[in-house]
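One file, final-v8.csv, carrying CSV, C-alpha atoms:
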```csv
chain,number,residue,atom,x,y,z
L,12,MET,CA,13.4,23.9,-65.6
L,13,ILE,CA,14.1,23.0,-62.0
L,14,ILE,CA,12.0,20.1,-60.7
L,15,GLU,CA,12.7,18.7,-57.3
L,16,ILE,CA,11.6,15.1,-56.8
L,17,ASP,CA,12.0,13.3,-53.4
L,18,PHE,CA,12.7,9.7,-54.2
L,19,ASN,CA,12.3,8.8,-50.5
L,20,SER,CA,8.8,10.3,-50.2
L,21,ASP,CA,5.7,8.2,-49.9
L,22,GLU,CA,4.0,10.5,-52.5
L,23,ALA,CA,3.9,9.1,-56.0
L,24,LEU,CA,6.5,10.5,-58.3
L,25,TYR,CA,3.9,11.6,-60.9
L,26,LEU,CA,2.1,13.6,-58.2
L,27,GLN,CA,5.3,15.2,-57.0
L,28,LEU,CA,6.0,16.2,-60.6
L,29,ARG,CA,2.5,17.5,-61.1
L,30,ASN,CA,2.7,19.5,-57.9
L,31,GLN,CA,6.0,21.0,-58.8
L,32,ILE,CA,4.6,22.2,-62.1
L,33,VAL,CA,1.4,23.6,-60.5
L,34,LEU,CA,3.6,25.5,-57.9
L,35,GLY,CA,5.7,26.7,-60.8
L,36,ILE,CA,2.6,28.2,-62.5
L,37,ALA,CA,1.5,29.7,-59.2
L,38,THR,CA,4.8,31.4,-58.6
L,39,SER,CA,5.1,32.5,-62.3
L,40,ARG,CA,8.1,30.3,-63.1
L,41,PHE,CA,5.8,28.9,-65.8
L,42,ARG,CA,3.5,31.2,-67.7
L,43,GLU,CA,0.6,30.8,-70.1
L,44,GLY,CA,2.0,29.5,-73.4
L,45,ASP,CA,5.3,28.2,-72.0
L,46,SER,CA,6.2,24.8,-73.4
L,47,LEU,CA,7.2,22.1,-71.0
L,48,PRO,CA,10.0,19.7,-71.9
L,49,SER,CA,9.1,16.6,-73.9
L,50,VAL,CA,8.3,13.6,-71.9
L,51,ARG,CA,11.6,12.0,-72.8
L,52,GLN,CA,13.7,15.1,-72.0
L,53,LEU,CA,12.1,15.6,-68.6
L,54,ALA,CA,12.3,11.9,-67.7
L,55,GLU,CA,16.0,11.9,-68.6
L,56,SER,CA,16.8,15.1,-66.7
L,57,ILE,CA,15.1,14.0,-63.5
L,58,GLY,CA,16.0,10.3,-63.8
L,59,ILE,CA,12.5,8.8,-63.9
L,60,ASN,CA,10.5,6.7,-66.2
L,61,MET,CA,8.9,8.3,-69.2
L,62,HIS,CA,5.5,6.8,-68.3
L,63,THR,CA,5.7,8.7,-65.0
L,64,VAL,CA,6.2,12.0,-66.8
L,65,ASN,CA,3.4,11.1,-69.2
L,66,LYS,CA,1.1,10.3,-66.3
L,67,ALA,CA,1.9,13.7,-64.7
L,68,TYR,CA,1.2,15.5,-68.0
L,69,THR,CA,-2.0,13.6,-68.4
L,70,VAL,CA,-3.2,14.7,-64.9
L,71,LEU,CA,-2.2,18.3,-65.6
L,72,LYS,CA,-4.2,18.2,-68.8
L,73,GLN,CA,-7.2,16.7,-67.1
L,74,GLU,CA,-7.0,19.4,-64.4
L,75,GLY,CA,-6.8,22.2,-67.0
L,76,PHE,CA,-3.2,23.3,-66.4
L,77,VAL,CA,-1.8,22.2,-69.8
L,78,LYS,CA,-2.9,21.4,-73.2
L,79,VAL,CA,-1.2,19.1,-75.6
L,80,ASP,CA,-0.2,20.7,-79.0
L,81,ARG,CA,1.0,18.4,-81.7
L,82,ARG,CA,3.9,20.7,-82.6
L,83,LYS,CA,4.8,22.2,-79.2
L,84,GLY,CA,4.0,19.2,-76.9
L,85,ALA,CA,2.7,20.1,-73.4
L,86,VAL,CA,2.0,23.8,-73.1
L,87,ILE,CA,0.9,25.7,-70.0
L,88,ALA,CA,-2.8,26.6,-70.6
L,89,ILE,CA,-4.5,27.6,-67.4
L,90,ASP,CA,-8.1,26.5,-67.2
L,91,ILE,CA,-10.5,29.5,-67.3
L,92,ASP,CA,-13.4,27.5,-66.0
L,93,LYS,CA,-13.5,29.2,-62.7
L,94,LEU,CA,-16.9,27.8,-61.6
L,95,ARG,CA,-15.7,24.2,-62.0
L,96,THR,CA,-12.5,25.0,-60.1
L,97,LEU,CA,-14.4,26.6,-57.3
L,98,GLU,CA,-16.7,23.6,-57.0
L,99,GLU,CA,-13.7,21.2,-56.8
L,100,LEU,CA,-12.2,23.5,-54.2
L,101,ARG,CA,-15.4,23.4,-52.2
L,102,LYS,CA,-15.3,19.6,-52.1
L,103,GLU,CA,-11.7,19.5,-51.0
L,104,LEU,CA,-12.2,22.2,-48.4
L,105,LEU,CA,-15.2,20.4,-46.8
L,106,VAL,CA,-12.8,17.6,-45.7
L,107,ILE,CA,-9.9,19.9,-44.8
L,108,LEU,CA,-12.1,22.2,-42.7
L,109,ALA,CA,-13.8,19.2,-41.0
L,110,LYS,CA,-10.3,18.0,-40.0
L,111,CYS,CA,-9.5,21.4,-38.7
L,112,SER,CA,-12.7,21.5,-36.7
L,113,CYS,CA,-11.9,18.1,-35.1
L,114,LYS,CA,-8.5,19.6,-34.1
L,115,ASN,CA,-10.0,22.8,-32.6
L,116,ILE,CA,-8.3,25.0,-35.2
L,117,THR,CA,-10.1,28.3,-35.2
L,118,ARG,CA,-11.5,30.3,-38.2
L,119,GLU,CA,-9.0,33.0,-37.4
L,120,GLU,CA,-6.1,30.5,-37.6
L,121,ILE,CA,-7.4,29.2,-40.9
L,122,HIS,CA,-7.8,32.7,-42.3
L,123,ALA,CA,-4.3,33.6,-41.2
L,124,LEU,CA,-2.9,30.5,-42.9
L,125,ILE,CA,-4.8,31.3,-46.1
L,126,ASP,CA,-3.5,34.9,-46.1
L,127,GLU,CA,0.0,33.6,-45.5
L,128,ILE,CA,-0.2,31.2,-48.4
L,129,TYR,CA,-1.7,33.8,-50.7
L,130,GLU,CA,1.0,36.3,-49.7
L,131,TYR,CA,3.6,33.6,-50.8
L,132,TYR,CA,2.0,33.6,-54.2
L,133,GLY,CA,2.2,37.3,-54.6
L,134,GLY,CA,-1.0,38.4,-52.9
L,135,LEU,CA,-3.4,36.9,-55.4
L,136,GLU,CA,-6.8,38.6,-55.1
```

Can I see the file as structure tokens?
Amino acid sequence: MIIEIDFNSDEALYLQLRNQIVLGIATSRFREGDSLPSVRQLAESIGINMHTVNKAYTVLKQEGFVKVDRRKGAVIAIDIDKLRTLEELRKELLVILAKCSCKNITREEIHALIDEIYEYYGGLE
């Protein structure tokens, strides 16, 4: 498992870790049912505190990307609650699109950017 953490970044380590795992799911490096390393193993391999890894796993669980199994530990389990996810996305996009509007970014530019990002993830439709 390759996780890249930027220790010089202003972004919290647990968020970087969470983002790396989400990107791994989106790019199919991690698939439904895959077990993530134990908190201790991942902390040692990256060189961060176990509490940081635990916090990242907790956030991933709350967001519906992993479930915790007593025998397997953290397991990739993508949330099938599409409506909840769409509502969360709507809230986030409201602010993002307001910022774009303030900077005179056009609808066409936004659509092109979304298409580019979706293409990166294999043309999800």

Mind running stretch 77-127 of chain L against stretch 24-32 of chain L at 12 Å and telling me each contacting residue's nearest atom pair with the distance in Å (one decimal), counting all atoms listed in the file, chain and number ascending, as a Markdown table?
```
| residue | atom | partner | partner_atom | distance |
| --- | --- | --- | --- | --- |
| L:Val77 | CA | L:Ile32 | CA | 10.0 |
| L:Ala85 | CA | L:Ile32 | CA | 11.6 |
| L:Val86 | CA | L:Ile32 | CA | 11.4 |
| L:Ile87 | CA | L:Ile32 | CA | 9.4 |
| L:Ile89 | CA | L:Ile32 | CA | 11.8 |
```

Between atom CA of L:Glu99 and atom CA of L:Asp126 - distance in Å to one decimal: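 Atom CA of L:Glu99 lies 20.2 Å from atom CA of L:Asp126.
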
What's around L:Ala54 at 10 Å? Count all atoms listed in the file, leave out sequence neighbours fewer than 6 positions away in its own chain, and write the answer as a PDB file with C-alpha atoms, in the coordinates of the input.
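Contents of out22.pdb, freshly written:
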```pdb
ATOM      1  CA  PRO L  48      10.000  19.700 -71.900  1.00  0.00           C
ATOM      2  CA  ASN L  60      10.500   6.700 -66.200  1.00  0.00           C
ATOM      3  CA  MET L  61       8.900   8.300 -69.200  1.00  0.00           C
ATOM      4  CA  HIS L  62       5.500   6.800 -68.300  1.00  0.00           C
ATOM      5  CA  THR L  63       5.700   8.700 -65.000  1.00  0.00           C
ATOM      6  CA  VAL L  64       6.200  12.000 -66.800  1.00  0.00           C
ATOM      7  CA  ASN L  65       3.400  11.100 -69.200  1.00  0.00           C
TER       8      ASN L  65
END
```

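Nearest to L:Arg95 of all the residues L:Gly35, L:Gly133, L:Gly75, L:Gly58 is L:Gly75, counting all atoms listed in the file.
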
Among listed residues L:Leu97, L:Leu104, L:Ala67, L:Ala88, nearest L:Val50 (using all atoms listed in the file): L:Ala67
